[in-house]
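Asks: Below are the structure tokens for one structure; questions will follow.
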Amino acid sequence: MLNLYTLGDDPVVAFAGEELARYLERIGSGSAVVSNRTAYDPDTGGIWLGVWDAFGTVFPAPQSDHELDDAIFLRSVGTDQLLLSGANPRSVLFAVYTYLESLGCRWVRMGEDGEILPEGVTAKLDGYDVTEYASYRYRGVCIEGGVSIEHAKAMVNYMTKKRLNTYFIQFQNAYIFWSRWYDRKSGKPQLPVEQAEAYTQQLIEEIKKRGLALQMVGHGWTCECLGVPGLGWIRAEQELPPEKRELLALVNGKREWWGGIPINTELCMSNPRAFKLLVDYIVKYAKEHPEVDILHIWMSDGSNNRCECDGCRQKLPSDWYVDLLNALDAELEKEGLPTKLVFLIYVDLLWAPEQSRLNNPDRFILMFAPISRNYRQSLLEGTMGPATEEPRPFELNRNVFPRSTAVNVHYLKEWQKIFTGDGFTFDYHFLWKPSIIEPTGLFIADILYRDIVGTERLGLKGIVNCQVQRYFFPTGLAMEVSGQAMWDKSKPLEEVRREYFAAAFGEAGSQVQEKMERLSTLMDSDLPFKMGPTPDEAYQADLRQAEVVLSELKSLISRHLENKNLPVGEKASWFYLNHGVAFMEIILKGLQGLAAGRYQDMADAYRAAAEYVMKHEDELHEVCDCVQWNTWLTRYAQDAQKRAQVQS
């Protein structure tokens with residue numbers, strides 16, 4: 001019987017004790033009894049859990065007292081006592097998972113079949129002296145894609161094991177993301193709004209249970225303040241009455257929903273009534289939701305849709321935006337609310353304000369969202385010059401948004417000239433195209449790694465990934481990179497890769513890694529974007545080699561799938577990789593046609609790949625957002641089809 005002691009009354013520390021006891025029993029360390037103590041006793045053996053100051057003077061004060069700066073401490077006292085501690089309750093939970101990793105536990109993807117657990121392991125108490133500080137303050141995930149409540153809970157569970165510390169729920173109610181899953185077969189919204197709200201609250205409970213920082217809302221304010229729900233990118237069912245319609249932005253001589261979608265619509269910010277309505281609504285939300293740690297204040301999700309009236313023309317959209325932020329700060333100060341507010345550098349707001357400045361910078365967190373960027377190079381690797389893109393001046397409703405990473409960073413630097421406070425990147429590595437074009441997933445993992453390790457050089461303190469919640473197909477390497485690099489940016493990518501493949505595929509991990517790396521190189525993700533109608537013989541030769549490597553990988557998979565003695569988690573890794581190889585074979589066939597100058601083959605391959613993921617959704621949905629992949633693959637097929645028609 002192993003004794004576990006939790007110190008204090010924090011529910012997250014209590015949960016950490018429960019998790020430790022549960023896993024120790026599962027790996028064969030015997031049953032553990034968890035009890036709560038009011039004070040640390042250095043003479044009582046067992047495992048003690050608590051925040052750093054619960055142990056008196058055993059641990060020095062952490063380097064930072066910021067509520068999001070995480071640190072873990074594992075220390076043995078003699079041979080029969082182990083202290084698992086951290087800078088805050090969440091960090092204590094991180095310390096528990098770090099300890100379990102030292103005993104051989106691994107989590108290679110979300111869900112129960114992502115657990116690789118050893119058997120017959122004795123809990124080790126001696127020999128520990130570990131102190132680790134997280135490299136970045138903001139290490140997070142934002143809900144996107146089509147998600148069931150089980151998917152979302154599994155993601156929160158997984159990300160905590162990877163020491164990610166913040167979760168962002170877009171909108172006041174995550175309806176659109178639940179609907180994409182629960183309504184996917186009917187093709188129309190049927191999920192009751194009340195059920196979606198219940199799911200959202202369940203997700204918040206899971207986030208809070210683990211001590212993660214809760215981020216909320218973002219888009220939707222500009223229609224919610226008019227009494228129109230901002231549930232997602234949904235067309236309005238009815239027109240606004242005239243007294244509300246006059247508060248909308250005037251664009252092309254009309255005040256109406258932008259593209260028919262309320263959340264994509266701006267307000268007339270120079271109209272005092274619209275401005276006050278927006279301020280009052282946001283302050284009311286903040287008062288009613290003290291559980292929100294970080295509140296996102298975004299404008300619409302449209303672009304080139306700003307008000308063109310004479311009043312609004314007097315300032316840049318970013319100047320009106322800063323005026324709004326200052327008004328919110330003043331009202332929150334009156335209410336005594338400490339809520340942190342995120343402001344967004346995004347599309348029309350890429351251009352920094354010329355007139356307005358934040359009065360109380362400590363209230364705010366800068367969020368850089370380079371949504372139009374090129375994901376084929378790191379943000380730190382872009383260049384500007386005659387042969388590439390250059391920054392452009394702001395042009396009301398005629399802006400062209402930058403593809404170049406360098407120009408995106410240029411706009412960030414302009415904002416940083418007037419704001420030197422906290423900030424993070426909000427990026428889309430796990431949402432956009434690279435995941436589909438380069439089906440091994442290694443290319444995007446490499447770009448993401450370089451972005452993460454370079455974040456500090458951008459003057460930012462982390463990344464929140466706007467992402468599908470299931471990005472573990474054909475492997476979970478990219479998500480592993482996300483967690484590992486954000487916790488420790490000094491850890492080499494090669495080490496992360498090696499450890500991941502060894503955990504997921506056991507003794508054959510190095511073989512899988514070698515073949516996947518070879519496929520990633522041979523099926524070059526850049527070439528489909530560069531190729532014209534002229535056949536490329538060198539690329540055809542590479543793809544013939546890729547065909548051989550895929551055949552070798554298939555044989556390796558087959559041998560392991562026949563092994564009935566593999567642990568459940570490892571068996572699942574081979575199962576998903578087997579589907580991944582089938583997917584790669586489809587893409588390879590299209591690339592071979594493209595390399596021979598036939599766009600039609602690529603169009604056909606994209607369609608076949610889309611059909612494959614949807615056909616196997618029941619088997620893949622826990623590791624792949626099949627509906628999102630189907631959407632993107634279908635778009636690529638349409639684009640390739642247009643090129644094929646031009647070619648013919």
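Each chain in the structure tokens gets a letter, A, B, ..., in the order shown, and its residues are numbered from 1; ligands are numbered from 1 in order too.
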Which polymer residues have any atom within 10 Å of an atom of Phe583 (chain A), counting only C-alpha atoms, with same-chain residues fewer than 4 positions away left out, as a list in words?

Replies: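 My list of contacting residues is Pro439, Thr440, Pro474, Leu577, Asn578, His579, Ile587, Leu588, Ala605, Ala608, Ala609, Ala610, Tyr612 and Val613 of chain A.
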
Asks: Now that the selection is made, can you save its residues with C-alpha atoms as a PDB file, in the first residue's frame?

Replies:
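As written to disk, selection-v8.pdb reads:
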ATOM      1  CA  PRO A 439       0.133  13.344 -45.682  1.00  0.00           C
ATOM      2  CA  THR A 440       2.918  12.058 -43.423  1.00  0.00           C
ATOM      3  CA  PRO A 474      -1.495   9.094 -39.438  1.00  0.00           C
ATOM      4  CA  LEU A 577      -0.777   4.068 -39.628  1.00  0.00           C
ATOM      5  CA  ASN A 578      -2.211   1.326 -41.837  1.00  0.00           C
ATOM      6  CA  HIS A 579      -5.043   3.674 -42.778  1.00  0.00           C
ATOM      7  CA  ILE A 587      -2.276  10.907 -52.865  1.00  0.00           C
ATOM      8  CA  LEU A 588       0.832   9.333 -54.383  1.00  0.00           C
ATOM      9  CA  ALA A 605      -6.837  11.574 -56.248  1.00  0.00           C
ATOM     10  CA  ALA A 608     -10.687   9.569 -53.807  1.00  0.00           C
ATOM     11  CA  ALA A 609      -8.841  10.671 -50.647  1.00  0.00           C
ATOM     12  CA  ALA A 610     -11.908  12.609 -49.487  1.00  0.00           C
ATOM     13  CA  TYR A 612     -11.598   7.384 -48.157  1.00  0.00           C
ATOM     14  CA  VAL A 613     -11.618   9.410 -44.936  1.00  0.00           C
TER      15      VAL A 613
END

Asks: Contacts of Phe394 (chain A) at 12 Å or less, counting only C-alpha atoms, minus same-chain residues fewer than 2 places along, as number ranges by chain?

Replies: A: 304, 315-318, 347-354, 391-392, 396-401, 411

Asks: Filtering to C-alpha atoms, could you give me those residues as a PDB file, in the first residue's frame?

Replies:
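part22.pdb, written as the output of this step:
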ATOM      1  CA  ASN A 304     -12.682  44.734 -46.104  1.00  0.00           C
ATOM      2  CA  LYS A 315      -9.659  56.985 -38.098  1.00  0.00           C
ATOM      3  CA  LEU A 316      -8.199  53.604 -39.001  1.00  0.00           C
ATOM      4  CA  PRO A 317     -10.211  50.589 -37.825  1.00  0.00           C
ATOM      5  CA  SER A 318      -7.387  49.869 -35.370  1.00  0.00           C
ATOM      6  CA  VAL A 347      -6.892  41.091 -41.348  1.00  0.00           C
ATOM      7  CA  ASP A 348      -7.947  44.797 -41.323  1.00  0.00           C
ATOM      8  CA  LEU A 349      -6.464  45.164 -37.848  1.00  0.00           C
ATOM      9  CA  LEU A 350      -2.985  44.163 -39.029  1.00  0.00           C
ATOM     10  CA  TRP A 351      -2.359  47.882 -39.586  1.00  0.00           C
ATOM     11  CA  ALA A 352      -1.405  49.507 -36.273  1.00  0.00           C
ATOM     12  CA  PRO A 353      -3.330  52.557 -35.019  1.00  0.00           C
ATOM     13  CA  GLU A 354      -2.070  56.000 -35.947  1.00  0.00           C
ATOM     14  CA  PRO A 391       4.022  45.860 -46.850  1.00  0.00           C
ATOM     15  CA  ARG A 392       1.166  47.931 -48.236  1.00  0.00           C
ATOM     16  CA  LEU A 396     -10.295  51.153 -46.573  1.00  0.00           C
ATOM     17  CA  ASN A 397     -12.049  47.993 -47.769  1.00  0.00           C
ATOM     18  CA  ARG A 398      -9.456  47.429 -50.487  1.00  0.00           C
ATOM     19  CA  ASN A 399      -6.745  45.729 -48.456  1.00  0.00           C
ATOM     20  CA  VAL A 400      -4.696  42.834 -49.814  1.00  0.00           C
ATOM     21  CA  PHE A 401      -3.596  40.589 -46.957  1.00  0.00           C
ATOM     22  CA  TYR A 411       2.796  44.378 -39.179  1.00  0.00           C
TER      23      TYR A 411
END

Asks: Using CA of Asp41 (chain A) and CA of Leu24 (chain A) as the two end points, give the distance in Å to one decimal.

Replies: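 That distance, rounded to one decimal, is 22.5 Å.
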
Asks: Could you pull out the alpha helix (DSSP H) residues of region 89-308 of chain A, going by DSSP on the backbone, and write them as JSON, numbers by chain?

Replies: {"A": [89, 90, 91, 92, 93, 94, 95, 96, 97, 98, 99, 100, 101, 102, 149, 150, 151, 152, 153, 154, 155, 156, 157, 158, 159, 160, 161, 175, 176, 177, 178, 179, 180, 181, 182, 193, 194, 195, 196, 197, 198, 199, 200, 201, 202, 203, 204, 205, 206, 207, 208, 209, 221, 222, 223, 224, 242, 243, 244, 245, 272, 273, 274, 275, 276, 277, 278, 279, 280, 281, 282, 283, 284, 285, 286, 287, 288]}

Asks: Show me, as a PDB file with N, CA and C atoms, in the first residue's frame, the residues that have an atom within 12 Å of His621 (chain A) when counting only C-alpha atoms, minus same-chain residues fewer than 2 positions from it.

Replies:
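Ended up saving to selection-v7.pdb:
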ATOM      1  N   MET A 110      -4.668  11.496 -28.161  1.00  0.00           N
ATOM      2  CA  MET A 110      -5.749  11.595 -27.192  1.00  0.00           C
ATOM      3  C   MET A 110      -6.607  10.327 -27.247  1.00  0.00           C
ATOM      4  N   GLY A 111      -7.340  10.073 -26.178  1.00  0.00           N
ATOM      5  CA  GLY A 111      -8.181   8.891 -26.099  1.00  0.00           C
ATOM      6  C   GLY A 111      -7.497   7.744 -25.380  1.00  0.00           C
ATOM      7  N   GLY A 145     -13.110  22.971 -35.961  1.00  0.00           N
ATOM      8  CA  GLY A 145     -13.518  21.751 -36.628  1.00  0.00           C
ATOM      9  C   GLY A 145     -14.897  21.291 -36.186  1.00  0.00           C
ATOM     10  N   GLY A 146     -15.135  19.994 -36.323  1.00  0.00           N
ATOM     11  CA  GLY A 146     -16.379  19.381 -35.892  1.00  0.00           C
ATOM     12  C   GLY A 146     -16.096  18.488 -34.697  1.00  0.00           C
ATOM     13  N   VAL A 147     -16.769  18.720 -33.576  1.00  0.00           N
ATOM     14  CA  VAL A 147     -16.335  18.129 -32.309  1.00  0.00           C
ATOM     15  C   VAL A 147     -17.518  17.564 -31.526  1.00  0.00           C
ATOM     16  N   SER A 148     -17.369  16.350 -31.028  1.00  0.00           N
ATOM     17  CA  SER A 148     -18.325  15.822 -30.053  1.00  0.00           C
ATOM     18  C   SER A 148     -17.842  16.215 -28.665  1.00  0.00           C
ATOM     19  N   GLU A 150     -17.305  14.213 -26.330  1.00  0.00           N
ATOM     20  CA  GLU A 150     -16.264  13.229 -25.971  1.00  0.00           C
ATOM     21  C   GLU A 150     -14.924  13.609 -26.583  1.00  0.00           C
ATOM     22  N   HIS A 151     -14.931  14.079 -27.832  1.00  0.00           N
ATOM     23  CA  HIS A 151     -13.684  14.527 -28.455  1.00  0.00           C
ATOM     24  C   HIS A 151     -13.069  15.662 -27.656  1.00  0.00           C
ATOM     25  N   TRP A 181     -20.349  18.352 -35.839  1.00  0.00           N
ATOM     26  CA  TRP A 181     -20.258  16.910 -35.575  1.00  0.00           C
ATOM     27  C   TRP A 181     -21.644  16.275 -35.503  1.00  0.00           C
ATOM     28  N   VAL A 468      -8.291  21.825 -35.503  1.00  0.00           N
ATOM     29  CA  VAL A 468      -9.174  20.678 -35.333  1.00  0.00           C
ATOM     30  C   VAL A 468      -8.727  19.943 -34.075  1.00  0.00           C
ATOM     31  N   GLN A 469      -9.660  19.351 -33.380  1.00  0.00           N
ATOM     32  CA  GLN A 469      -9.329  18.718 -32.103  1.00  0.00           C
ATOM     33  C   GLN A 469      -8.725  17.329 -32.266  1.00  0.00           C
ATOM     34  N   ARG A 470      -8.881  16.744 -33.444  1.00  0.00           N
ATOM     35  CA  ARG A 470      -8.269  15.427 -33.683  1.00  0.00           C
ATOM     36  C   ARG A 470      -7.265  15.578 -34.807  1.00  0.00           C
ATOM     37  N   TYR A 471      -6.002  15.709 -34.414  1.00  0.00           N
ATOM     38  CA  TYR A 471      -4.931  15.830 -35.397  1.00  0.00           C
ATOM     39  C   TYR A 471      -3.855  14.788 -35.064  1.00  0.00           C
ATOM     40  N   PHE A 472      -4.246  13.528 -35.204  1.00  0.00           N
ATOM     41  CA  PHE A 472      -3.367  12.427 -34.817  1.00  0.00           C
ATOM     42  C   PHE A 472      -3.318  11.367 -35.916  1.00  0.00           C
ATOM     43  N   PHE A 473      -3.515  11.809 -37.160  1.00  0.00           N
ATOM     44  CA  PHE A 473      -3.545  10.883 -38.292  1.00  0.00           C
ATOM     45  C   PHE A 473      -2.560  11.353 -39.344  1.00  0.00           C
ATOM     46  N   PRO A 474      -1.634  10.511 -39.794  1.00  0.00           N
ATOM     47  CA  PRO A 474      -1.495   9.094 -39.438  1.00  0.00           C
ATOM     48  C   PRO A 474      -0.790   8.846 -38.099  1.00  0.00           C
ATOM     49  N   TYR A 576      -3.854   2.820 -37.084  1.00  0.00           N
ATOM     50  CA  TYR A 576      -4.047   4.132 -37.705  1.00  0.00           C
ATOM     51  C   TYR A 576      -3.019   4.378 -38.806  1.00  0.00           C
ATOM     52  N   VAL A 613     -11.497   9.032 -46.347  1.00  0.00           N
ATOM     53  CA  VAL A 613     -11.618   9.410 -44.936  1.00  0.00           C
ATOM     54  C   VAL A 613     -13.069   9.366 -44.475  1.00  0.00           C
ATOM     55  N   MET A 614     -14.003   9.712 -45.364  1.00  0.00           N
ATOM     56  CA  MET A 614     -15.406   9.666 -44.959  1.00  0.00           C
ATOM     57  C   MET A 614     -15.912   8.215 -44.863  1.00  0.00           C
ATOM     58  N   LYS A 615     -15.447   7.374 -45.759  1.00  0.00           N
ATOM     59  CA  LYS A 615     -15.843   5.963 -45.712  1.00  0.00           C
ATOM     60  C   LYS A 615     -15.396   5.313 -44.407  1.00  0.00           C
ATOM     61  N   HIS A 616     -14.238   5.738 -43.912  1.00  0.00           N
ATOM     62  CA  HIS A 616     -13.663   5.121 -42.709  1.00  0.00           C
ATOM     63  C   HIS A 616     -13.802   6.016 -41.477  1.00  0.00           C
ATOM     64  N   GLU A 617     -14.779   6.918 -41.505  1.00  0.00           N
ATOM     65  CA  GLU A 617     -14.930   7.846 -40.379  1.00  0.00           C
ATOM     66  C   GLU A 617     -15.144   7.121 -39.054  1.00  0.00           C
ATOM     67  N   ASP A 618     -15.919   6.047 -39.053  1.00  0.00           N
ATOM     68  CA  ASP A 618     -16.176   5.328 -37.805  1.00  0.00           C
ATOM     69  C   ASP A 618     -14.888   4.813 -37.172  1.00  0.00           C
ATOM     70  N   GLU A 619     -13.911   4.472 -37.998  1.00  0.00           N
ATOM     71  CA  GLU A 619     -12.641   3.954 -37.489  1.00  0.00           C
ATOM     72  C   GLU A 619     -11.640   5.065 -37.169  1.00  0.00           C
ATOM     73  N   VAL A 623      -9.099  10.159 -34.196  1.00  0.00           N
ATOM     74  CA  VAL A 623      -7.761  10.699 -34.486  1.00  0.00           C
ATOM     75  C   VAL A 623      -7.757  11.682 -35.646  1.00  0.00           C
ATOM     76  N   CYS A 624      -8.879  11.785 -36.363  1.00  0.00           N
ATOM     77  CA  CYS A 624      -8.923  12.627 -37.560  1.00  0.00           C
ATOM     78  C   CYS A 624     -10.286  13.295 -37.677  1.00  0.00           C
ATOM     79  N   ASP A 625     -10.293  14.602 -37.908  1.00  0.00           N
ATOM     80  CA  ASP A 625     -11.535  15.323 -38.173  1.00  0.00           C
ATOM     81  C   ASP A 625     -11.878  15.091 -39.647  1.00  0.00           C
ATOM     82  N   CYS A 626     -12.513  13.957 -39.901  1.00  0.00           N
ATOM     83  CA  CYS A 626     -12.741  13.512 -41.286  1.00  0.00           C
ATOM     84  C   CYS A 626     -13.572  14.505 -42.083  1.00  0.00           C
ATOM     85  N   VAL A 627     -14.552  15.144 -41.453  1.00  0.00           N
ATOM     86  CA  VAL A 627     -15.400  16.092 -42.164  1.00  0.00           C
ATOM     87  C   VAL A 627     -14.581  17.284 -42.637  1.00  0.00           C
ATOM     88  N   GLN A 628     -13.685  17.783 -41.782  1.00  0.00           N
ATOM     89  CA  GLN A 628     -12.837  18.906 -42.180  1.00  0.00           C
ATOM     90  C   GLN A 628     -11.873  18.500 -43.298  1.00  0.00           C
ATOM     91  N   TRP A 629     -11.290  17.305 -43.172  1.00  0.00           N
ATOM     92  CA  TRP A 629     -10.391  16.831 -44.223  1.00  0.00           C
ATOM     93  C   TRP A 629     -11.159  16.672 -45.533  1.00  0.00           C
TER      94      TRP A 629
END

Asks: Taking 6 positions as the minimum chain separation for residues in the same chain, which residues sit within 8 Å of Arg498 (chain A) when counting only C-alpha atoms? Answer as a list in words.

Replies: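 Once the adjacent positions are removed, what remains is Gly509, Ser510 and Gln513 of chain A.
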
Asks: How far is it from CA of Glu18 (chain A) to CA of Arg90 (chain A), in Å with one decimal?

Replies: 13.8 Å

Asks: Compare A:Cys223, A:Gln641, A:Gly580, A:His560 by their minimum atom-to-atom distance to Met516 (chain A), counting only C-alpha atoms, and give me the closest one.

Replies: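 With only C-alpha atoms as the atom set, the closest residue is A:Gly580.
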
Asks: Can you pull out the residues contacting Ala134 (chain A)? Cut-off 10 Å, using only C-alpha atoms, and skip same-chain residues under 3 positions away; I want them as a list in words.

Replies: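 The neighbour list is Leu68, Asp69, Asp70, Ala71, Ile72, Ser91, Arg137, Tyr138, Arg139, Arg163, Leu164, Gln484, Ala485, Met486, Trp487, Asp488 and Lys489 of chain A.
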
Asks: Please save C-alpha atoms of the selected residues as a JSON list (two decimals), in the first residue's frame.

Replies:
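Output file out-v1.json is given in full below:
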[["chain", "number", "residue", "atom", "x", "y", "z"],
["A", 68, "LEU", "CA", 0.20, 31.34, -16.17],
["A", 69, "ASP", "CA", 3.92, 30.76, -15.64],
["A", 70, "ASP", "CA", 4.29, 27.06, -14.91],
["A", 71, "ALA", "CA", 7.09, 25.23, -13.17],
["A", 72, "ILE", "CA", 7.43, 21.72, -11.76],
["A", 91, "SER", "CA", 1.77, 22.62, -12.31],
["A", 137, "ARG", "CA", 3.54, 31.39, -20.78],
["A", 138, "TYR", "CA", 0.77, 30.71, -23.29],
["A", 139, "ARG", "CA", 0.62, 27.10, -24.45],
["A", 163, "ARG", "CA", 1.65, 20.34, -20.12],
["A", 164, "LEU", "CA", -0.38, 22.71, -22.28],
["A", 484, "GLN", "CA", 7.14, 19.33, -26.06],
["A", 485, "ALA", "CA", 8.53, 22.43, -27.77],
["A", 486, "MET", "CA", 6.24, 24.87, -25.99],
["A", 487, "TRP", "CA", 7.31, 23.41, -22.64],
["A", 488, "ASP", "CA", 11.00, 23.21, -23.54],
["A", 489, "LYS", "CA", 12.04, 25.10, -26.67]]

Asks: So, counting only C-alpha atoms, which residue among A:Leu458, A:Gln592, A:Leu226, A:Phe443 is closest to Arg518 (chain A)?

Replies: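 Ranking A:Leu458, A:Gln592, A:Leu226, A:Phe443 by distance to Arg518 (chain A), first place goes to A:Phe443.
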
Asks: Please identify which residues in region 51-91 of chain A DSSP calls strand (DSSP E) from the backbone, and express them as a ChimeraX atom specification.

Replies: /A:51,71-77,81-86

Asks: Check the smallest atom-to-atom distance from each of A:Ala603, A:Gly86, A:Gln467, A:Tyr321 to Trp432 (chain A) using only C-alpha atoms, then report the winner.

Replies: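 Looking only at the distances to Trp432 (chain A), the closest residue turns out to be A:Gln467.
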
Asks: In terms of the shortest atom-to-atom distance over only C-alpha atoms, which of A:Asp301, A:Asp65, A:Asp43, A:Asp524 is closest to Gln170 (chain A)?

Replies: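 Checking each candidate against Gln170 (chain A), we get A:Asp301 as the closest.
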